[in-house]
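Student: What follows is a single structure, and I will ask about it in a moment.
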Amino acid sequence: MAVTKALSVREEVVKERLGLTSNYAAAYAVKSVDVDVIAAYPITPQTTIIEKLAEFVANGEIDAEYIPVESEHSALSAVIGAAAAGARVFTATSAQGLEFMHEVLYITSGLRLPVVMAVPGRALSAPISIHGDYQDIMSARDAGWVVMIASSAQEVYDSIIMAYRIAEDNRVLLPVMVSYDGFLMSHTTEPVEIYHEEYVRKFTPRNLNRPRLDPRKPITVGVIASPDWYYEIKYQVVNALKESKGVIKEVHDEFNKTFGTNYDIVERFMLDDADYVLITYGGASTGNAKEAAIRARERGLRAGVLRIRLFRPFPTDEVVNAIKDARAVAVIDRALSPGNTYEGPVFNDVVSASIVGELISRSFLLFTAYPRGRCSSTTSTIFIKCLMSTREPVSIRGRRYSWG
Amino acid sequence: MKQLTWKDLPIGGIIIEPGNARRNITGTWRTERPVIDQDACIRCRICWMYCPEPAILELDKPYVTKSGKKYDVTYEVDYDHCKGCGICAHECPVKAIKMVSEVTG
């Protein structure tokens, strides 16, 4: 019954089905939501998102100001200025470009500006790489942004539409980053269903009722604050990010209702009776993990996959709920935190969640893994080994930790 | 005054009331204060021009010196905003401004 309803909703809202890379899907989403200002730096490690957007603007398909700036630092700075004036903005970057933006990331969240940015996650130099991993995103983890990690081109398109609703909500007013696998998703083509603009625009109404620069009602933005005030204002960001989870869930529910989709802040795959849980994020890892879970079930192991779709704020309760009855949990990290107690950044978040959920006091095994090489189909075999090696250290570059 | 917390402050550290810096009295930063000797002062206006704040006030206040010289204006210091930098005392061509310690002076 619900499925039939979702299908009929889909029939109504979908305008066309196109073969798009995740980058192009991001560009089409920006086109659908009606942005005012796009600023970007067009040289490597920039992606084809902004090439497509430049084309849209040049053809008059988007009524937006396109600012080709001289660096990523300036790209984010330019959209900060526009957002402070009340404009709806977009920028995109990747890898070293995100690093070059780094200080401005904190300014964006500190000024509470609803900037939306697409970031295909890519490896950082050195050595030079253009391939996918999430080191760039993890380095931006503490900047006070909402971070979503998509796993398909369709999800990239949908997430960017949701991102504007989340960012501009007066209860949130924080920048949102929509990430996905660099190269593996950003440069590969998948079918994407594009919606009629009227539905997207109705879903993302402009919020001008927020603090912004307006000569009729002057305010000062970007002030200095003595330590008396600094931490109070920073705590507003901490609190807003924590509280944003409720709004993000609301937006997901409404999006699902409007567009006939089925998104949540985490994706659960065969988890209901799972003894072994793989925790992943992004496209390739999740696809491989699902395949591994299916193969593990063929061998009689009850395996399931939990995909972290909303990375910041971290879905602690959802993670606890997914792993509370598991015998073993493996986290496939696609970034490193060298010198930390455990080198996987998301693994650390899962450990924290386990403490919150009082899970580590009982017999419970937790693995961290960083797959070597490209995330190819052989990785799924490694994941199966990872699942099965509950007594021995896993035979991949990764470590086995256990408590209890 | 009650310390405002994150719950009371406007978000993003914005200032919603234009010109409220007027109420910010910054003279307390000073360790020494300039004192003008009105009899030695020749009304050249150099302190008024050099003061970075500006905390030298040019007042329409007639003054007659001990030697009988008449002036239409008087220069005084706005101690609410003077930071005690000493530029006025340094620049005064007749050494009519002295820096006096806030603690012992």
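We name chains A, B, ... following the order of the structure tokens; residues begin at 1 in each chain, and ligands are numbered from 1 as shown.
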Taking only C-alpha atoms into account, find every residue of chain A that has an atom no more than 12 Å from chain B, and write it out as a PyMOL selection string.
Tutor: chain A and resi 84+106-114+170-174+210-226+228-240
Student: Tell me, as a ChimeraX atom specification, which residues lie within 12 Å of Ile42 of chain B, counting only C-alpha atoms; anything in the same chain fewer than 4 positions away does not count.
Tutor: /B:36-38,46-47,63-65,69-75,92-97
Student: Quick one: DSSP helix (DSSP H, G or I) residues in segment 151-324 of chain A, as an NGL selection string?
Tutor: :A and (153-168 or 197-203 or 227-259 or 283-298 or 316-323)
Student: Quick one: residues within 10 Å of Ser129 of chain A, only C-alpha atoms counted, chain neighbours fewer than 5 positions away excluded, as a CSV table (one decimal) with N, CA and C atoms, in the first residue's frame?
Tutor:
```
chain,number,residue,atom,x,y,z
A,45,PRO,N,42.2,20.7,-7.5
A,45,PRO,CA,41.4,19.5,-7.5
A,45,PRO,C,39.9,19.8,-7.7
A,95,ALA,N,39.4,17.5,-1.9
A,95,ALA,CA,40.8,17.3,-1.5
A,95,ALA,C,41.6,18.5,-1.1
A,122,ARG,N,38.2,13.0,-1.6
A,122,ARG,CA,39.4,12.5,-2.3
A,122,ARG,C,40.6,12.5,-1.4
A,123,ALA,N,41.6,11.6,-1.8
A,123,ALA,CA,42.8,11.5,-1.0
A,123,ALA,C,43.6,12.8,-1.0
A,124,LEU,N,44.4,13.0,0.1
A,124,LEU,CA,45.3,14.2,0.2
A,124,LEU,C,46.7,13.8,-0.2
```
Student: Using only C-alpha atoms, which of B:Lys66, B:Arg43, B:Arg33, B:His90 sits nearest Asp78 of chain B?
Tutor: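 Checking each of B:Lys66, B:Arg43, B:Arg33, B:His90 against Asp78 of chain B, counting only C-alpha atoms, the winner is B:Arg33.
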Student: For Glu58 of chain B, which residue out of B:Ile87, B:Cys44, B:Cys82, B:Glu76 is the nearest one, using only C-alpha atoms?
Tutor: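 Going through B:Ile87, B:Cys44, B:Cys82, B:Glu76 one by one, the smallest distance to Glu58 of chain B is for B:Glu76.
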Student: Run DSSP on the backbone and give me the residues of chain B it puts in strand (DSSP E or B), as a list in words.
Tutor: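 After running DSSP on the backbone, chain B has strand (DSSP E or B) at Ile15, Glu32, Arg33, Pro34, Val35, Ile36, Ile56, Leu57, Glu58, Leu59, Tyr63, Val64, Lys70, Tyr71, Thr74, Tyr75, Glu76, Val77, Ile97, Lys98, Met99, Val100 and Ser101 of chain B.
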Student: By how many Å are atom CA of Val346 of chain A and atom CA of Ile265 of chain A apart?
Tutor: 15.2 Å
Student: Give me the residues near Val77 of chain B as a VMD selection string, where near means some atom within 6 Å (using only C-alpha atoms) and where sequence neighbours in that chain fewer than 4 positions away do not count.
Tutor: chain B and resid 55 to 57
Student: Store the residues of this selection in a file with N, CA and C atoms, as a short mmCIF file (atom, residue, chain, number, x, y, z; two decimals), in the first residue's frame.
Tutor:
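Listed below is the output, out-v7.cif:
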```cif
data_model
loop_
_atom_site.label_atom_id
_atom_site.label_comp_id
_atom_site.auth_asym_id
_atom_site.auth_seq_id
_atom_site.Cartn_x
_atom_site.Cartn_y
_atom_site.Cartn_z
N ALA B 55 40.81 61.45 21.50
CA ALA B 55 40.38 61.72 22.87
C ALA B 55 40.80 63.11 23.34
N ILE B 56 41.37 63.95 22.44
CA ILE B 56 41.62 65.35 22.78
C ILE B 56 40.40 66.15 22.31
N LEU B 57 39.78 66.84 23.24
CA LEU B 57 38.57 67.59 22.90
C LEU B 57 38.91 69.07 22.71
#
```
Student: Please provide as a list in words all residues within 7 Å of His81 of chain B, with the sequence filter that same-chain residues fewer than 2 positions apart are discarded (counting only C-alpha atoms).
Tutor: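 Those residues are Ile25, Thr26, Gly27, Ala55, Asp78, Tyr79 and Lys83 of chain B.
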